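Asker: So that you have it, the file is start39.txt, and it contains compact mmCIF, C-alpha atoms and all ligand atoms:
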```txt
# COMPACT_ATOMS: atom_id res chain seq x y z
CA MET P 1 11.43 -11.71 63.02
CA ALA P 2 12.46 -10.18 66.36
CA LYS P 3 16.19 -9.68 66.83
CA LYS P 4 17.88 -11.76 69.52
CA ALA P 5 18.62 -9.50 72.51
CA LYS P 6 22.30 -9.22 73.32
CA LYS P 7 23.22 -10.02 76.90
CA LYS P 8 24.52 -7.04 78.83
CA THR P 9 27.09 -7.56 81.58
CA PRO P 10 28.71 -4.98 83.78
CA THR P 11 32.29 -3.97 82.97
CA ARG P 12 34.94 -4.22 85.68
CA ALA P 13 34.65 -0.46 86.19
CA ALA P 14 30.87 -0.71 86.26
CA LYS P 15 31.03 -3.33 88.95
CA LYS P 16 32.87 -0.78 91.08
CA THR P 17 30.62 2.16 90.21
CA GLY P 18 27.46 0.20 89.64
CA ARG P 19 26.69 2.22 86.44
CA ALA P 20 28.15 1.55 82.99
CA THR P 21 27.57 -1.74 81.18
CA ARG P 22 29.12 -3.27 78.04
CA THR P 23 27.50 -5.44 75.41
CA VAL P 24 28.71 -9.07 75.06
CA ALA P 25 27.75 -11.04 71.97
CA PRO P 26 26.46 -14.58 72.63
CA LYS P 27 29.22 -17.23 72.31
CA LYS P 28 29.33 -18.70 68.82
CA THR P 29 29.90 -22.40 68.18
CA THR P 30 32.90 -22.76 65.88
CA GLY P 31 32.74 -24.86 62.68
CA LYS P 32 35.05 -27.47 64.18
CA LYS P 33 32.89 -27.79 67.30
CA LYS P 34 29.75 -28.15 65.19
CA VAL P 35 31.38 -30.93 63.16
CA LYS P 36 32.55 -32.64 66.36
CA LYS P 37 29.05 -32.39 67.81
CA ARG P 38 27.52 -33.86 64.65
CA ALA P 39 30.16 -36.61 64.57
CA SER P 40 29.36 -37.66 68.13
CA LYS P 41 25.64 -37.75 67.24
CA VAL P 42 26.58 -40.01 64.32
CA ALA P 43 28.47 -42.36 66.64
CA THR P 44 25.46 -42.50 68.95
CA SER P 45 22.96 -43.15 66.17
CA ARG P 46 25.30 -45.78 64.68
CA ASP P 47 25.44 -47.61 68.01
CA LYS P 48 21.72 -47.43 68.73
CA GLU P 49 20.25 -48.55 65.41
CA SER P 50 18.63 -51.99 65.65
CA LEU P 51 19.90 -54.79 63.43
CA GLU P 52 16.55 -54.93 61.66
CA ALA P 53 16.57 -51.18 60.94
CA ARG P 54 20.19 -51.38 59.82
CA ARG P 55 19.38 -54.25 57.44
CA THR P 56 16.50 -52.28 55.98
CA ARG P 57 18.74 -49.24 55.48
CA ALA P 58 21.47 -51.48 54.03
CA GLY P 59 18.95 -52.81 51.51
CA LYS P 60 18.28 -49.28 50.30
CA ILE P 61 22.02 -48.54 50.11
CA ILE P 62 22.55 -51.72 48.06
CA ALA P 63 19.76 -50.70 45.65
CA GLU P 64 21.28 -47.26 45.14
CA LEU P 65 24.80 -48.67 44.71
CA ASP P 66 23.44 -51.10 42.13
CA ARG P 67 21.77 -48.23 40.27
CA LEU P 68 25.01 -46.22 40.32
CA TYR P 69 27.57 -48.94 39.61
CA HIS P 70 25.64 -51.85 38.11
CA GLY P 71 28.04 -54.54 36.92
CA ALA P 72 31.07 -53.00 38.68
CA GLU P 73 33.99 -55.40 38.57
CA CYS P 74 37.36 -55.84 40.17
CA ALA P 75 39.66 -53.08 38.88
CA LEU P 76 42.74 -55.35 38.84
CA THR P 77 43.37 -56.68 35.33
CA HIS P 78 43.59 -60.50 35.34
CA LYS P 79 42.76 -63.53 33.22
CA SER P 80 43.17 -66.31 35.78
CA ALA P 81 42.92 -66.97 39.52
CA LEU P 82 46.72 -66.96 39.70
CA GLN P 83 46.97 -63.56 38.01
CA LEU P 84 44.31 -62.18 40.35
CA LEU P 85 46.18 -63.56 43.35
CA VAL P 86 49.47 -61.99 42.25
CA ALA P 87 47.81 -58.67 41.36
CA THR P 88 46.09 -58.58 44.76
CA ILE P 89 49.41 -59.17 46.55
CA LEU P 90 50.89 -56.29 44.53
CA SER P 91 47.96 -53.99 45.33
CA ALA P 92 48.90 -53.73 49.02
CA GLN P 93 49.74 -50.07 49.71
CA CYS P 94 49.53 -49.38 45.97
CA THR P 95 46.88 -48.18 43.53
CA ASP P 96 45.18 -50.59 41.16
CA GLU P 97 46.24 -48.35 38.26
CA ARG P 98 49.90 -48.78 39.15
CA VAL P 99 49.48 -52.56 39.54
CA ASN P 100 47.78 -52.74 36.12
CA LYS P 101 50.79 -51.04 34.55
CA VAL P 102 53.15 -53.61 36.01
CA THR P 103 51.25 -56.87 35.49
CA PRO P 104 51.19 -57.22 31.66
CA ALA P 105 54.98 -57.66 31.48
CA LEU P 106 55.00 -59.71 34.69
CA PHE P 107 52.37 -62.19 33.51
CA LYS P 108 54.04 -62.49 30.11
CA ARG P 109 57.38 -63.34 31.72
CA PHE P 110 55.90 -65.67 34.37
CA PRO P 111 52.90 -67.49 32.86
CA ASN P 112 52.22 -70.01 35.63
CA ALA P 113 52.78 -70.84 39.30
CA LYS P 114 55.99 -72.80 38.66
CA ALA P 115 57.50 -69.92 36.72
CA PHE P 116 56.87 -67.62 39.71
CA ALA P 117 58.28 -70.26 42.08
CA ASP P 118 61.49 -70.54 40.03
CA ALA P 119 61.87 -66.81 39.36
CA GLU P 120 65.16 -65.08 40.08
CA PRO P 121 64.34 -62.71 42.96
CA ALA P 122 66.31 -59.85 41.39
CA GLU P 123 64.36 -60.09 38.13
CA LEU P 124 61.00 -60.31 39.90
CA GLU P 125 61.91 -57.41 42.18
CA GLU P 126 62.80 -55.24 39.23
CA LEU P 127 59.46 -55.95 37.55
CA VAL P 128 57.34 -55.14 40.65
CA LYS P 129 59.54 -52.41 42.10
CA SER P 130 57.23 -49.51 41.28
CA THR P 131 54.40 -51.00 43.39
CA GLY P 132 56.39 -50.43 46.61
CA PHE P 133 57.46 -52.93 49.30
CA PHE P 134 58.88 -54.88 46.39
CA ARG P 135 61.18 -57.18 48.40
CA ASN P 136 58.35 -58.48 50.58
CA LYS P 137 56.00 -58.71 47.61
CA THR P 138 58.62 -60.68 45.65
CA LYS P 139 59.00 -63.12 48.56
CA SER P 140 55.22 -63.54 48.81
CA ILE P 141 54.76 -64.08 45.06
CA LYS P 142 57.61 -66.60 44.85
CA GLY P 143 56.33 -68.37 47.98
CA ALA P 144 52.78 -68.45 46.60
CA GLY P 145 54.05 -69.88 43.31
CA ARG P 146 55.95 -72.57 45.20
CA ALA P 147 53.00 -73.52 47.46
CA ILE P 148 50.54 -73.62 44.55
CA THR P 149 52.95 -75.76 42.49
CA ASP P 150 53.85 -78.18 45.28
CA ASN P 151 50.59 -78.44 47.20
CA PHE P 152 47.82 -77.71 44.73
CA ASN P 153 49.09 -79.14 41.46
CA GLY P 154 49.71 -75.68 40.03
CA GLU P 155 46.09 -74.53 40.47
CA VAL P 156 44.87 -71.86 42.88
CA PRO P 157 42.54 -73.61 45.34
CA ASP P 158 38.90 -72.51 45.58
CA ASN P 159 38.37 -72.68 49.33
CA MET P 160 39.29 -70.46 52.24
CA ASP P 161 41.25 -73.01 54.31
CA ASP P 162 43.62 -73.91 51.48
CA LEU P 163 44.02 -70.33 50.31
CA LEU P 164 45.09 -69.25 53.78
CA THR P 165 48.01 -71.71 53.67
CA ILE P 166 49.56 -69.83 50.73
CA PRO P 167 52.30 -67.28 51.52
CA GLY P 168 51.12 -63.70 51.02
CA VAL P 169 47.44 -64.70 51.14
CA ALA P 170 45.47 -63.44 54.12
CA ARG P 171 41.69 -63.30 54.46
CA LYS P 172 41.28 -60.17 52.32
CA THR P 173 43.13 -61.67 49.34
CA ALA P 174 41.32 -64.99 49.80
CA ASN P 175 37.97 -63.17 49.74
CA VAL P 176 38.97 -61.35 46.54
CA ILE P 177 39.85 -64.63 44.80
CA LEU P 178 36.84 -66.57 46.07
CA GLY P 179 34.35 -63.79 45.29
CA THR P 180 35.72 -62.34 42.07
CA TRP P 181 37.16 -65.42 40.37
CA PHE P 182 35.26 -68.38 41.80
CA GLY P 183 31.97 -66.53 42.38
CA LYS P 184 31.80 -67.72 46.00
CA ASN P 185 30.59 -65.30 48.67
CA ILE P 186 32.45 -66.74 51.64
CA GLY P 187 33.40 -63.42 53.23
CA VAL P 188 33.47 -59.71 52.46
CA VAL P 189 36.61 -58.01 51.17
CA VAL P 190 37.57 -55.14 53.48
CA ASP P 191 40.11 -52.92 51.78
CA THR P 192 40.80 -49.28 52.59
CA HIS P 193 37.74 -47.99 50.63
CA ILE P 194 35.28 -50.58 51.92
CA GLY P 195 36.48 -50.12 55.50
CA ARG P 196 36.04 -46.36 55.28
CA LEU P 197 32.60 -46.51 53.66
CA ALA P 198 31.28 -49.26 55.92
CA HIS P 199 32.24 -47.13 58.89
CA ARG P 200 30.84 -43.87 57.51
CA LEU P 201 27.62 -45.47 56.30
CA GLY P 202 27.05 -47.09 59.68
CA LEU P 203 27.13 -50.56 58.14
CA SER P 204 29.67 -51.44 60.79
CA TRP P 205 28.93 -50.63 64.41
CA ARG P 206 31.38 -52.74 66.40
CA SER P 207 34.53 -51.46 64.71
CA ARG P 208 36.61 -48.84 66.51
CA ASP P 209 37.52 -47.17 63.23
CA SER P 210 37.69 -47.78 59.49
CA LYS P 211 40.88 -49.86 59.86
CA ASP P 212 39.31 -52.47 62.11
CA ALA P 213 38.97 -54.95 59.21
CA VAL P 214 38.05 -58.02 61.26
CA LYS P 215 35.05 -56.42 62.98
CA ILE P 216 34.01 -54.55 59.84
CA GLU P 217 33.87 -57.82 57.91
CA GLN P 218 31.84 -59.49 60.69
CA ASP P 219 29.38 -56.58 60.72
CA LEU P 220 29.03 -56.50 56.93
CA MET P 221 28.39 -60.25 56.88
CA GLU P 222 25.64 -59.72 59.42
CA VAL P 223 23.96 -56.79 57.74
CA LEU P 224 24.29 -57.54 53.99
CA PRO P 225 22.57 -60.46 52.21
CA GLN P 226 25.24 -63.06 51.39
CA GLN P 227 24.54 -63.08 47.66
CA THR P 228 25.48 -59.38 47.48
CA TRP P 229 28.83 -59.51 49.27
CA THR P 230 31.12 -59.44 46.23
CA ASP P 231 29.06 -56.98 44.15
CA VAL P 232 28.53 -54.57 47.04
CA GLY P 233 32.26 -54.67 47.72
CA HIS P 234 33.05 -53.65 44.13
CA ALA P 235 30.40 -50.91 44.18
CA LEU P 236 31.65 -49.52 47.51
CA ILE P 237 35.16 -49.30 46.08
CA TYR P 238 33.84 -47.29 43.11
CA HIS P 239 31.83 -45.01 45.39
CA GLY P 240 34.85 -44.56 47.64
CA ARG P 241 36.96 -43.48 44.69
CA GLN P 242 34.42 -41.28 42.95
CA VAL P 243 32.39 -39.65 45.74
CA CYS P 244 33.24 -40.66 49.29
CA ASN P 245 36.98 -40.27 49.15
CA ALA P 246 39.14 -40.29 52.25
CA ARG P 247 40.02 -36.62 52.57
CA LYS P 248 37.06 -34.82 51.06
CA PRO P 249 33.84 -36.81 50.77
CA ASP P 250 31.44 -35.05 48.43
CA CYS P 251 28.33 -35.36 50.62
CA PRO P 252 26.36 -32.57 48.88
CA SER P 253 26.32 -34.54 45.63
CA CYS P 254 26.14 -38.03 47.18
CA THR P 255 22.88 -39.84 46.46
CA LEU P 256 23.40 -41.99 49.57
CA ALA P 257 23.31 -38.94 51.85
CA ASP P 258 19.76 -39.59 53.10
CA LEU P 259 20.84 -43.07 54.15
CA CYS P 260 24.19 -42.09 55.61
CA PRO P 261 24.61 -41.14 59.28
CA SER P 262 27.90 -39.38 58.47
CA ALA P 263 26.53 -37.12 55.73
CA ASN P 264 27.82 -33.54 56.03
CA THR P 265 29.79 -34.19 59.21
CA PHE P 266 33.09 -33.27 57.58
CA ASP P 267 34.90 -29.93 57.43
S1 LIG B 1 26.92 -38.92 52.40
FE1 LIG B 1 29.06 -38.30 52.53
S2 LIG B 1 29.97 -39.67 54.07
FE2 LIG B 1 28.02 -40.59 53.43
S3 LIG B 1 28.57 -42.01 51.77
FE3 LIG B 1 28.02 -40.07 50.84
S4 LIG B 1 29.96 -38.95 50.57
FE4 LIG B 1 30.30 -40.61 52.06
```
Can the structure from this file be put into structure tokens for me?

Answerer:
Amino acid sequence: MAKKAKKKTPTRAAKKTGRATRTVAPKKTTGKKKVKKRASKVATSRDKESLEARRTRAGKIIAELDRLYHGAECALTHKSALQLLVATILSAQCTDERVNKVTPALFKRFPNAKAFADAEPAELEELVKSTGFFRNKTKSIKGAGRAITDNFNGEVPDNMDDLLTIPGVARKTANVILGTWFGKNIGVVVDTHIGRLAHRLGLSWRSRDSKDAVKIEQDLMEVLPQQTWTDVGHALIYHGRQVCNARKPDCPSCTLADLCPSANTFD
């Protein structure tokens, strides 16, 4: 193959004398610039894909996720809707592993909604302390216990409107309970992993970034078949933990790479 000719430009002295020249190597694009360039292409392709094409691609992503993580379940240990609700409150800004270490003693000490409602704050705080933000979490859990006892006869309700009246329960927690415990696909859970993957995989196109949970959920509801919402959520969380992690996604070994507009756009 013929070598690329190097551009020759006159040196300052040469400009004066009109003789000598020096060799200047062509400007190289740095790694960071290349990544930036690829990332902007990703943003463009993410915006331009038609809904039909996106749904077709989503179908292939779902099939691959099912092959990889068939039967994936919620990682929070629970035996009832109430336990799942409490564990989900505790999982805010905390790993599921940490929550699972705390909940066995917690659920043994407080077996039902009334027990949580009547709990001494100091005792509850001590039990959930290691999950972080323990004062707010204690307030939410006690408040949830009280609302469930007083308004729902001690049973966690199975519909979105009622769930959203419970202290500490926002749409994400309600979606977890409805999907995982009651088997109802009313919405899509958008946690930190799902938000990140939906954004990277181009399954969300109206969100500004991976933290824009409201728009990400709307997009996912539009692009994924409703019956898959809960299962895809669980599988995305597994993939986010095992392959597409926040700091260093392992694109070279990711089997979704051919379907992912962000593949290999990271440093
Ligand atoms: S190809 Fe890379 S960015 Fe895309 S899902 Fe896989 S690991 Fe994540």

Asker: May I ask you to write as a list in words all residues lying at most 7 Å from ligand LIG 1 (chain B), with all atoms listed in the file counted?

Answerer: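 So, counting all atoms listed in the file, the residues near ligand LIG 1 (chain B) are Leu197, Arg200, Leu201, Val243, Cys244, Pro249, Asp250, Cys251, Cys254, Thr255, Leu256, Ala257, Cys260, Pro261, Ser262, Ala263 and Asn264 of chain P.
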
Asker: Could you check how far CA of Pro121 (chain P) sits from CA of Thr192 (chain P), in Å to one decimal?

Answerer: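 Separating CA of Pro121 (chain P) from CA of Thr192 (chain P) is a distance of 28.8 Å.
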
Asker: Determine, counting only C-alpha atoms, which protein, DNA and RNA residues have an atom within 8 Å of an atom of Glu217 (chain P); residues of the same chain fewer than 4 positions away are not included. Present the result as a list in words.

Answerer: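 The residues that qualify are Gly187, Val188, Val189, Val190, Ala213 and Met221 of chain P.
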
Asker: Taking only C-alpha atoms into account, name the residue in P:Leu51, P:Ala72, P:Leu164, P:Ala105 that is nearest to His239 (chain P).

Answerer: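 Nearest to His239 (chain P): P:Ala72.
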
Asker: Could you give me, as a PyMOL selection string, the residues within 10 Å of Trp229 (chain P), counting all atoms listed in the file and dropping anything in the same chain fewer than 2 positions from it?

Answerer: chain P and resi 175+179+184-189+220-221+224-227+231-234

Asker: Which is closest to Glu73 (chain P) among P:Pro157, P:Lys129, P:Asp219, P:Leu236, if we use only C-alpha atoms?

Answerer: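 Answer, going by the shortest atom-to-atom distance: P:Leu236.
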
Asker: Write out as a list in words the residues lying within 9 Å of Ala246 (chain P), counting all atoms listed in the file and excluding same-chain residues fewer than 3 positions away.

Answerer: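 That gives His193, Arg196, Gly240, Arg241 and Pro249 of chain P.
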
Asker: Output the selection as a short mmCIF file (atom, residue, chain, number, x, y, z; two decimals), keeping the file's coordinate frame - C-alpha atoms for each residue.

Answerer:
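Written out: out.cif:
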```cif
data_model
loop_
_atom_site.label_atom_id
_atom_site.label_comp_id
_atom_site.auth_asym_id
_atom_site.auth_seq_id
_atom_site.Cartn_x
_atom_site.Cartn_y
_atom_site.Cartn_z
CA HIS P 193 37.74 -47.99 50.63
CA ARG P 196 36.04 -46.36 55.28
CA GLY P 240 34.85 -44.56 47.64
CA ARG P 241 36.96 -43.48 44.69
CA PRO P 249 33.84 -36.81 50.77
#
```

Asker: Around region 158-175 of chain P, fit a box with edges along x, y and z, padding it by 8 Å on each side, then list its centre and edge lengths in Å to one decimal as lines of an AutoDock Vina configuration file.

Answerer:
```
center_x = 45.1
center_y = -67.0
center_z = 50.0
size_x = 30.3
size_y = 29.7
size_z = 24.9
```

Asker: To one decimal place in Å, what is the distance between CA of Thr149 (chain P) and CA of Ala113 (chain P)?

Answerer: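 Interatomic distance here is 5.9 Å.
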
Asker: Just how far from CA of Ile194 (chain P) is CA of Ile177 (chain P), in Å to one decimal?

Answerer: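 CA of Ile194 (chain P) lies at a distance of 16.4 Å from CA of Ile177 (chain P).
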
Asker: Between P:Ile62, P:Val169, P:Ala87, P:Ala117, which is the closest to Pro104 (chain P) once you count all atoms listed in the file?

Answerer: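 Nearest to Pro104 (chain P): P:Ala87.
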
Asker: Which residue, P:Lys79, P:Thr103, P:Glu222, P:Asp47, has the smallest gap to Thr180 (chain P) when you use all atoms listed in the file?

Answerer: P:Lys79

Asker: Counting only C-alpha atoms, what is within 10 Å of Gln83 (chain P), bar same-chain residues fewer than 2 positions away, as a list in words?

Answerer: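 Contacts, in chain order: Leu76, Thr77, His78, Lys79, Ser80, Ala81, Leu85, Val86, Ala87, Thr88, Ile89, Thr103, Pro104, Leu106, Phe107, Phe110, Pro111, Asn112, Ala113, Val156 and Ile177 of chain P.
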